[in-house]
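*Asks:* Quick one: the structure is below, questions incoming.
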Amino acid sequence: EDVVWVAARVGAAWVALVLALIVVPSALGVSLGISEAYMWFLVKTLEWATIRIEKGVKKPQPEILKSPAANGIIERDETPMEKEIARLHRVDFEFSDIFYFCRKGFEAIVEDEVTQRFSSEELVSWNLLTRTNVNFHYISLRLTVVWGIGVIVRYCFLLPLRFTLAAIGITSMIVGTTMVGQLPNGSMKNYLSEVVHLTCSRILVRALSGTIHYHNKENKPQKGGICVANHTSPIDAIILTNDGCYAMVGQVHGGLMGVIQRATVKACPHVWFERSEMKDRHLVTKRLREHVADKSKLPILIFPEGTCINNTSVMMFKKGSFEIGGTIYPVAIKYDPQFGDAFWNSSKYNIVSYLLRIMTSWAIVCNVWYLPPMVRKEGEDAVQFANRVKSAIARQGGLTELPWDGGLKRAKVKDTFKEEQQKNYSKMLVRNGSIG
């Protein structure tokens, strides 16, 4: 009984301390300077580790610390296919014409533009979380000791603290939205709903040791609009709702996520779809148009890529979000990989494993840019509009813009892509006189 009593007292003291130093200040939108001091100490520690690594390399070579994800492991010739083929053959088809396709095929096998976007980006130096380079397996005893201390701090202090904050944030979200949902529709209900969502999001951001820098707040999404952003992680939504409220769009889930969805939709006009409804594109578009038409409703938050990309690129935006009409508010999100890997590789980790990795990282640091609102131009179709918005987000976030569909993460290349290349080649043969 004494052990139980002591454990209960320690637990109560722990929760009280968390509430007083973190939860209450977070709910009020103020900071006691604890997170700032933690980030300062963390930056200094990582700088020291980088210096130790550089000193530990007997023969410093720039390529040892080079990031293969940034520079590529092969040197590509970006000559367009038309020019390359025109240079290869003269009048008739020659066997050497296939060399261009062979080389491009080998390049794609060694390092293609798509699959490398679905694996964690390589770091230039070790961040004391994972050894991202074989040269960091052992540098010095002092560095290894610091890494060991870091493991103890992350798993024995930060993880319990973040788990406590996450439990408080999720419980507050469920209870708060359920209570607000009992109120009659009106301005008071909308106001209290926004307060609950903002407060709980701030607590959840603290559960990730999040440090977020928001830029150009004058361009923040307005009611009746559509907010579109690049997608790196499931926590993207929390990152954005920490600075403003949105109506979420997504598929109905079970388990804990389902409980949260059912609670939040009572207080806020989120748009949740059943699995069968998600396949009906016309039904989805209709419900979203009805939402956008009501200028009193919160802006819809949509991630047009449809899957998580590894924080280095922006892939094809699905056109559905741009067929709805209304004003588009683009947002660019860029995480700092030095402090933790925010990318969710869903084909490798389930959501529980991913959250464990996030909660045992040093911190989540990112920049969010609100871009000027954009509307569809006259004569511009949905695909062109989507590409224009995607380009703006890529430029602002310093991300590589790629034309590929993120669905290639799990699906095979469509036959239409192959046929398009075949048609281009046949057109060149006809135009150059090789055929006919």
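By order in the structure tokens, chains are A, B, ...; within a chain, residues start at 1; ligands start at 1, following the order shown.
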List every residue of range 302-436 of chain A that DSSP, applied to the backbone of this structure, assigns to alpha helix (DSSP H), and report them as an mmCIF file with N, CA, C and O atoms, in the first residue's frame.
*Replies:*
data_model
loop_
_atom_site.group_PDB
_atom_site.id
_atom_site.type_symbol
_atom_site.label_atom_id
_atom_site.label_comp_id
_atom_site.auth_asym_id
_atom_site.auth_seq_id
_atom_site.Cartn_x
_atom_site.Cartn_y
_atom_site.Cartn_z
ATOM 1 N N ILE A 351 1.397 3.686 -37.838
ATOM 2 C CA ILE A 351 1.238 4.986 -37.182
ATOM 3 C C ILE A 351 1.801 4.985 -35.764
ATOM 4 O O ILE A 351 2.353 5.990 -35.305
ATOM 5 N N VAL A 352 1.714 3.856 -35.066
ATOM 6 C CA VAL A 352 2.239 3.780 -33.697
ATOM 7 C C VAL A 352 3.763 3.890 -33.700
ATOM 8 O O VAL A 352 4.350 4.646 -32.914
ATOM 9 N N SER A 353 4.402 3.132 -34.594
ATOM 10 C CA SER A 353 5.872 3.196 -34.692
ATOM 11 C C SER A 353 6.323 4.593 -35.097
ATOM 12 O O SER A 353 7.333 5.105 -34.588
ATOM 13 N N TYR A 354 5.569 5.201 -36.006
ATOM 14 C CA TYR A 354 5.931 6.549 -36.453
ATOM 15 C C TYR A 354 5.852 7.550 -35.304
ATOM 16 O O TYR A 354 6.773 8.356 -35.098
ATOM 17 N N LEU A 355 4.758 7.506 -34.549
ATOM 18 C CA LEU A 355 4.593 8.438 -33.427
ATOM 19 C C LEU A 355 5.666 8.214 -32.368
ATOM 20 O O LEU A 355 6.135 9.173 -31.736
ATOM 21 N N LEU A 356 6.076 6.954 -32.176
ATOM 22 C CA LEU A 356 7.147 6.676 -31.219
ATOM 23 C C LEU A 356 8.451 7.311 -31.696
ATOM 24 O O LEU A 356 9.196 7.888 -30.897
ATOM 25 N N ARG A 357 8.724 7.230 -33.001
ATOM 26 C CA ARG A 357 9.930 7.856 -33.550
ATOM 27 C C ARG A 357 9.874 9.367 -33.389
ATOM 28 O O ARG A 357 10.878 10.014 -33.055
ATOM 29 N N ILE A 358 8.696 9.943 -33.623
ATOM 30 C CA ILE A 358 8.549 11.392 -33.496
ATOM 31 C C ILE A 358 8.749 11.838 -32.058
ATOM 32 O O ILE A 358 9.444 12.820 -31.771
ATOM 33 N N MET A 359 8.149 11.104 -31.124
ATOM 34 C CA MET A 359 8.202 11.504 -29.714
ATOM 35 C C MET A 359 9.543 11.209 -29.064
ATOM 36 O O MET A 359 9.784 11.651 -27.937
ATOM 37 N N ALA A 382 -8.432 22.782 -64.480
ATOM 38 C CA ALA A 382 -8.083 22.427 -63.106
ATOM 39 C C ALA A 382 -6.649 21.926 -62.987
ATOM 40 O O ALA A 382 -5.957 22.217 -62.002
ATOM 41 N N VAL A 383 -6.192 21.190 -63.984
ATOM 42 C CA VAL A 383 -4.821 20.654 -63.941
ATOM 43 C C VAL A 383 -3.797 21.777 -64.021
ATOM 44 O O VAL A 383 -2.808 21.805 -63.274
ATOM 45 N N GLN A 384 -4.019 22.731 -64.911
ATOM 46 C CA GLN A 384 -3.094 23.860 -65.041
ATOM 47 C C GLN A 384 -3.078 24.701 -63.762
ATOM 48 O O GLN A 384 -2.020 25.156 -63.313
ATOM 49 N N PHE A 385 -4.262 24.893 -63.185
ATOM 50 C CA PHE A 385 -4.357 25.657 -61.938
ATOM 51 C C PHE A 385 -3.606 24.934 -60.823
ATOM 52 O O PHE A 385 -2.854 25.551 -60.054
ATOM 53 N N ALA A 386 -3.800 23.621 -60.734
ATOM 54 C CA ALA A 386 -3.122 22.835 -59.703
ATOM 55 C C ALA A 386 -1.606 22.923 -59.855
ATOM 56 O O ALA A 386 -0.872 23.076 -58.868
ATOM 57 N N ASN A 387 -1.120 22.861 -61.094
ATOM 58 C CA ASN A 387 0.327 22.947 -61.334
ATOM 59 C C ASN A 387 0.871 24.328 -60.974
ATOM 60 O O ASN A 387 1.997 24.449 -60.476
ATOM 61 N N ARG A 388 0.078 25.359 -61.222
ATOM 62 C CA ARG A 388 0.525 26.718 -60.886
ATOM 63 C C ARG A 388 0.643 26.891 -59.371
ATOM 64 O O ARG A 388 1.616 27.493 -58.874
ATOM 65 N N VAL A 389 -0.319 26.354 -58.641
ATOM 66 C CA VAL A 389 -0.271 26.425 -57.180
ATOM 67 C C VAL A 389 0.887 25.593 -56.644
ATOM 68 O O VAL A 389 1.626 26.017 -55.749
ATOM 69 N N LYS A 390 1.077 24.412 -57.224
ATOM 70 C CA LYS A 390 2.179 23.535 -56.794
ATOM 71 C C LYS A 390 3.528 24.211 -57.005
ATOM 72 O O LYS A 390 4.416 24.136 -56.138
ATOM 73 N N SER A 391 3.692 24.890 -58.126
ATOM 74 C CA SER A 391 4.954 25.577 -58.413
ATOM 75 C C SER A 391 5.230 26.679 -57.402
ATOM 76 O O SER A 391 6.373 26.859 -56.961
ATOM 77 N N ALA A 392 4.185 27.407 -57.027
ATOM 78 C CA ALA A 392 4.353 28.483 -56.049
ATOM 79 C C ALA A 392 4.788 27.925 -54.696
ATOM 80 O O ALA A 392 5.672 28.493 -54.025
ATOM 81 N N ILE A 393 4.187 26.819 -54.278
ATOM 82 C CA ILE A 393 4.542 26.200 -53.002
ATOM 83 C C ILE A 393 5.971 25.675 -53.038
ATOM 84 O O ILE A 393 6.746 25.851 -52.086
ATOM 85 N N ALA A 394 6.358 25.036 -54.137
ATOM 86 C CA ALA A 394 7.708 24.488 -54.266
ATOM 87 C C ALA A 394 8.762 25.590 -54.213
ATOM 88 O O ALA A 394 9.791 25.449 -53.542
ATOM 89 N N ARG A 395 8.519 26.692 -54.923
ATOM 90 C CA ARG A 395 9.487 27.803 -54.920
ATOM 91 C C ARG A 395 9.655 28.376 -53.520
ATOM 92 O O ARG A 395 10.776 28.626 -53.070
ATOM 93 N N GLN A 396 8.557 28.584 -52.818
ATOM 94 C CA GLN A 396 8.637 29.221 -51.503
ATOM 95 C C GLN A 396 9.290 28.303 -50.465
ATOM 96 O O GLN A 396 10.081 28.748 -49.629
ATOM 97 N N GLY A 397 8.984 27.016 -50.545
ATOM 98 C CA GLY A 397 9.529 26.087 -49.562
ATOM 99 C C GLY A 397 10.904 25.543 -49.902
ATOM 100 O O GLY A 397 11.467 24.777 -49.116
ATOM 101 N N ASP A 415 -0.110 2.532 -67.670
ATOM 102 C CA ASP A 415 0.254 2.269 -69.070
ATOM 103 C C ASP A 415 0.261 3.551 -69.898
ATOM 104 O O ASP A 415 0.986 3.650 -70.891
ATOM 105 N N THR A 416 -0.543 4.534 -69.465
ATOM 106 C CA THR A 416 -0.609 5.785 -70.222
ATOM 107 C C THR A 416 0.735 6.508 -70.220
ATOM 108 O O THR A 416 1.087 7.159 -71.206
ATOM 109 N N PHE A 417 1.509 6.401 -69.120
ATOM 110 C CA PHE A 417 2.836 7.019 -69.081
ATOM 111 C C PHE A 417 3.757 6.362 -70.103
ATOM 112 O O PHE A 417 4.517 7.033 -70.798
ATOM 113 N N LYS A 418 3.706 5.037 -70.183
ATOM 114 C CA LYS A 418 4.556 4.326 -71.139
ATOM 115 C C LYS A 418 4.140 4.662 -72.569
ATOM 116 O O LYS A 418 4.990 4.892 -73.442
ATOM 117 N N GLU A 419 2.834 4.682 -72.799
ATOM 118 C CA GLU A 419 2.330 4.972 -74.140
ATOM 119 C C GLU A 419 2.707 6.375 -74.588
ATOM 120 O O GLU A 419 2.987 6.611 -75.770
ATOM 121 N N GLU A 420 2.735 7.311 -73.632
ATOM 122 C CA GLU A 420 3.092 8.690 -73.985
ATOM 123 C C GLU A 420 4.517 8.767 -74.510
ATOM 124 O O GLU A 420 4.794 9.464 -75.499
ATOM 125 N N GLN A 421 5.446 8.054 -73.871
ATOM 126 C CA GLN A 421 6.831 8.047 -74.337
ATOM 127 C C GLN A 421 6.946 7.376 -75.708
ATOM 128 O O GLN A 421 7.701 7.824 -76.576
ATOM 129 N N GLN A 422 6.171 6.304 -75.919
ATOM 130 C CA GLN A 422 6.194 5.613 -77.205
ATOM 131 C C GLN A 422 5.670 6.510 -78.327
ATOM 132 O O GLN A 422 6.223 6.536 -79.438
ATOM 133 N N LYS A 423 4.608 7.261 -78.026
ATOM 134 C CA LYS A 423 4.039 8.171 -79.022
ATOM 135 C C LYS A 423 5.025 9.279 -79.375
ATOM 136 O O LYS A 423 5.171 9.650 -80.542
ATOM 137 N N ASN A 424 5.700 9.815 -78.350
ATOM 138 C CA ASN A 424 6.683 10.881 -78.606
ATOM 139 C C ASN A 424 7.796 10.379 -79.527
ATOM 140 O O ASN A 424 8.228 11.081 -80.450
ATOM 141 N N TYR A 425 8.256 9.152 -79.289
ATOM 142 C CA TYR A 425 9.331 8.601 -80.106
ATOM 143 C C TYR A 425 8.856 8.356 -81.537
ATOM 144 O O TYR A 425 9.559 8.672 -82.508
ATOM 145 N N SER A 426 7.640 7.810 -81.680
ATOM 146 C CA SER A 426 7.128 7.535 -83.024
ATOM 147 C C SER A 426 6.922 8.828 -83.808
ATOM 148 O O SER A 426 7.167 8.878 -85.020
ATOM 149 N N LYS A 427 6.482 9.886 -83.132
ATOM 150 C CA LYS A 427 6.302 11.179 -83.808
ATOM 151 C C LYS A 427 7.624 11.714 -84.333
ATOM 152 O O LYS A 427 7.702 12.276 -85.424
ATOM 153 N N MET A 428 8.685 11.524 -83.537
ATOM 154 C CA MET A 428 9.996 12.002 -83.973
ATOM 155 C C MET A 428 10.503 11.211 -85.182
ATOM 156 O O MET A 428 11.113 11.763 -86.096
ATOM 157 N N LEU A 429 10.217 9.906 -85.201
ATOM 158 C CA LEU A 429 10.642 9.096 -86.337
ATOM 159 C C LEU A 429 9.934 9.538 -87.610
ATOM 160 O O LEU A 429 10.540 9.657 -88.677
ATOM 161 N N VAL A 430 8.631 9.797 -87.497
ATOM 162 C CA VAL A 430 7.859 10.234 -88.668
ATOM 163 C C VAL A 430 8.330 11.597 -89.141
ATOM 164 O O VAL A 430 8.532 11.856 -90.326
ATOM 165 N N ARG A 431 8.570 12.506 -88.189
ATOM 166 C CA ARG A 431 8.960 13.884 -88.543
ATOM 167 C C ARG A 431 10.345 13.920 -89.164
ATOM 168 O O ARG A 431 10.618 14.734 -90.047
#
*Asks:* If you count only C-alpha atoms, which residues fall within 9 Å of Pro337 in chain A, apart from same-chain ones fewer than 4 positions away, as a VMD selection string?
*Replies:* chain A and resid 121 to 123 127 311 341 to 342 364 to 366
*Asks:* Okay, now the selection with C-alpha atoms, as a short mmCIF file (atom, residue, chain, number, x, y, z; two decimals), in the first residue's frame?
*Replies:*
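Saved as part-v1.cif:
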data_model
loop_
_atom_site.label_atom_id
_atom_site.label_comp_id
_atom_site.auth_asym_id
_atom_site.auth_seq_id
_atom_site.Cartn_x
_atom_site.Cartn_y
_atom_site.Cartn_z
CA GLU A 121 16.20 12.41 -46.57
CA GLU A 122 19.88 11.92 -45.87
CA LEU A 123 21.55 14.35 -43.48
CA ASN A 127 22.23 14.55 -35.43
CA ASN A 311 10.29 16.93 -47.13
CA ASP A 341 12.60 13.27 -39.22
CA ALA A 342 8.97 14.35 -39.61
CA ILE A 364 10.01 19.17 -34.51
CA VAL A 365 11.18 22.42 -36.08
CA CYS A 366 9.57 23.80 -39.22
#
*Asks:* Counting only C-alpha atoms, figure out which residue out of A:Thr307, A:Asn219, A:Thr199, A:Ser209 gets nearest to Gly340 in chain A.
*Replies:*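 For Gly340 in chain A, the nearest of the given residues is A:Ser209.
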*Asks:* Run DSSP on the backbone of this structure and report the residues of range 286-332 of chain A it assigns to strand (DSSP E), as JSON, numbers by chain.
*Replies:* {"A": [300, 301, 302, 313, 314, 328, 329, 330, 331, 332]}
*Asks:* Between A:Gln338, A:Trp272, A:Tyr246, A:Phe343, which residue has the minimum interatomic distance to Val124 in chain A, considering only C-alpha atoms?
*Replies:*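 The closest residue to Val124 in chain A is A:Gln338.
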*Asks:* Could you check which of A:Ile235, A:Leu301, A:Leu129, A:Ala207 is closest to Val249 in chain A, using only C-alpha atoms?
*Replies:*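 Nearest candidate to Val249 in chain A out of A:Ile235, A:Leu301, A:Leu129, A:Ala207: A:Leu301.
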*Asks:* Neighbours of range 5-17 of chain A within 10 Å (only C-alpha atoms; same-chain residues fewer than 3 positions away dropped), as number ranges by chain?
*Replies:* A: 1-2, 20-23, 161, 164-165, 168
*Asks:* Quick one: residues within 10 Å of Glu305 in chain A, only C-alpha atoms counted, chain neighbours fewer than 3 positions away excluded, as a list of chain:residue names?
*Replies:*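 My reading of the contact set: A:Val228, A:Ala229, A:Asn230, A:His231, A:Thr232, A:Ile302, A:Cys308, A:Ile309, A:Val314, A:Met315, A:Met316, A:Phe317, A:Lys318, A:Lys319, A:Lys390, A:Trp404, A:Asp405, A:Gly406, A:Gly407.
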*Asks:* Grab the CA of Asn242 in chain A to CA of Arg202 in chain A distance for me, in Å with one decimal place.
*Replies:*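 Between CA of Asn242 in chain A and CA of Arg202 in chain A the gap works out to 5.4 Å.
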*Asks:* Between A:Val3, A:Leu28, A:Leu143, A:Leu399, which is the closest to Trp126 in chain A once you count only C-alpha atoms?
*Replies:*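 Among A:Val3, A:Leu28, A:Leu143, A:Leu399, it is A:Leu143 that comes nearest to Trp126 in chain A.
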*Asks:* Using only C-alpha atoms, can you tell me which of A:Gln261, A:Ala363, A:Ala37, A:Ile139 comes closest to Val205 in chain A?
*Replies:*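 Nearest candidate to Val205 in chain A out of A:Gln261, A:Ala363, A:Ala37, A:Ile139: A:Ala363.
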*Asks:* Separation of CA of Pro372 in chain A and CA of Ile328 in chain A, in Å?
*Replies:* 9.0 Å
*Asks:* Neighbouring residues of Ile238 in chain A were defined as those with any atom within 10 Å, considering only C-alpha atoms; residues of the same chain fewer than 4 positions away were excluded. Please report them as a ChimeraX atom specification.
*Replies:* /A:197-198,200-205,233-234,242-245
*Asks:* Quick one: write out the picked residues with N, CA, C and O atoms as a PDB file, in the first residue's frame?
*Replies:*
ATOM      1  N   HIS A 197     -10.195  23.980 -30.310  1.00  0.00           N
ATOM      2  CA  HIS A 197      -9.268  23.448 -31.313  1.00  0.00           C
ATOM      3  C   HIS A 197      -7.888  24.095 -31.202  1.00  0.00           C
ATOM      4  O   HIS A 197      -6.863  23.404 -31.248  1.00  0.00           O
ATOM      5  N   LEU A 198      -7.844  25.407 -31.047  1.00  0.00           N
ATOM      6  CA  LEU A 198      -6.563  26.106 -30.934  1.00  0.00           C
ATOM      7  C   LEU A 198      -5.814  25.685 -29.668  1.00  0.00           C
ATOM      8  O   LEU A 198      -4.610  25.411 -29.701  1.00  0.00           O
ATOM      9  N   CYS A 200      -6.107  22.924 -27.782  1.00  0.00           N
ATOM     10  CA  CYS A 200      -5.640  21.533 -27.822  1.00  0.00           C
ATOM     11  C   CYS A 200      -4.504  21.354 -28.825  1.00  0.00           C
ATOM     12  O   CYS A 200      -3.578  20.564 -28.582  1.00  0.00           O
ATOM     13  N   SER A 201      -4.553  22.068 -29.938  1.00  0.00           N
ATOM     14  CA  SER A 201      -3.466  21.981 -30.922  1.00  0.00           C
ATOM     15  C   SER A 201      -2.164  22.505 -30.347  1.00  0.00           C
ATOM     16  O   SER A 201      -1.085  21.945 -30.593  1.00  0.00           O
ATOM     17  N   ARG A 202      -2.245  23.575 -29.571  1.00  0.00           N
ATOM     18  CA  ARG A 202      -1.035  24.117 -28.933  1.00  0.00           C
ATOM     19  C   ARG A 202      -0.433  23.122 -27.953  1.00  0.00           C
ATOM     20  O   ARG A 202       0.796  22.983 -27.866  1.00  0.00           O
ATOM     21  N   ILE A 203      -1.295  22.427 -27.215  1.00  0.00           N
ATOM     22  CA  ILE A 203      -0.791  21.417 -26.282  1.00  0.00           C
ATOM     23  C   ILE A 203      -0.133  20.274 -27.043  1.00  0.00           C
ATOM     24  O   ILE A 203       0.937  19.781 -26.664  1.00  0.00           O
ATOM     25  N   LEU A 204      -0.754  19.842 -28.158  1.00  0.00           N
ATOM     26  CA  LEU A 204      -0.187  18.750 -28.940  1.00  0.00           C
ATOM     27  C   LEU A 204       1.128  19.142 -29.603  1.00  0.00           C
ATOM     28  O   LEU A 204       2.027  18.309 -29.755  1.00  0.00           O
ATOM     29  N   VAL A 205       1.262  20.408 -29.992  1.00  0.00           N
ATOM     30  CA  VAL A 205       2.534  20.876 -30.548  1.00  0.00           C
ATOM     31  C   VAL A 205       3.623  20.817 -29.486  1.00  0.00           C
ATOM     32  O   VAL A 205       4.767  20.437 -29.757  1.00  0.00           O
ATOM     33  N   SER A 233       3.745  14.815 -43.347  1.00  0.00           N
ATOM     34  CA  SER A 233       3.474  14.023 -42.148  1.00  0.00           C
ATOM     35  C   SER A 233       2.025  14.199 -41.702  1.00  0.00           C
ATOM     36  O   SER A 233       1.389  15.221 -42.010  1.00  0.00           O
ATOM     37  N   PRO A 234       1.487  13.243 -40.940  1.00  0.00           N
ATOM     38  CA  PRO A 234       0.150  13.425 -40.362  1.00  0.00           C
ATOM     39  C   PRO A 234       0.074  14.618 -39.410  1.00  0.00           C
ATOM     40  O   PRO A 234      -1.011  15.157 -39.184  1.00  0.00           O
ATOM     41  N   ASN A 242      -2.343  24.936 -35.153  1.00  0.00           N
ATOM     42  CA  ASN A 242      -1.725  25.644 -34.031  1.00  0.00           C
ATOM     43  C   ASN A 242      -1.801  27.156 -34.223  1.00  0.00           C
ATOM     44  O   ASN A 242      -1.680  27.924 -33.265  1.00  0.00           O
ATOM     45  N   ASP A 243      -2.003  27.587 -35.470  1.00  0.00           N
ATOM     46  CA  ASP A 243      -2.037  29.017 -35.777  1.00  0.00           C
ATOM     47  C   ASP A 243      -3.390  29.477 -36.311  1.00  0.00           C
ATOM     48  O   ASP A 243      -3.580  30.646 -36.607  1.00  0.00           O
ATOM     49  N   GLY A 244      -4.324  28.564 -36.459  1.00  0.00           N
ATOM     50  CA  GLY A 244      -5.645  28.922 -36.965  1.00  0.00           C
ATOM     51  C   GLY A 244      -6.496  27.682 -37.125  1.00  0.00           C
ATOM     52  O   GLY A 244      -5.971  26.564 -37.170  1.00  0.00           O
ATOM     53  N   CYS A 245      -7.800  27.850 -37.198  1.00  0.00           N
ATOM     54  CA  CYS A 245      -8.712  26.708 -37.277  1.00  0.00           C
ATOM     55  C   CYS A 245      -9.083  26.399 -38.730  1.00  0.00           C
ATOM     56  O   CYS A 245      -9.232  27.313 -39.545  1.00  0.00           O
TER      57      CYS A 245
END
*Asks:* Of the candidates A:Ala167, A:Leu42, A:Cys268, A:Val114, which one gets nearest to Ser296 in chain A if we count only C-alpha atoms?
*Replies:*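 Closest to Ser296 in chain A of all the choices is A:Cys268.
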*Asks:* Give me, please, the distance in Å between CA of Arg162 in chain A and CA of Leu208 in chain A, quoted to one decimal.
*Replies:* 6.5 Å
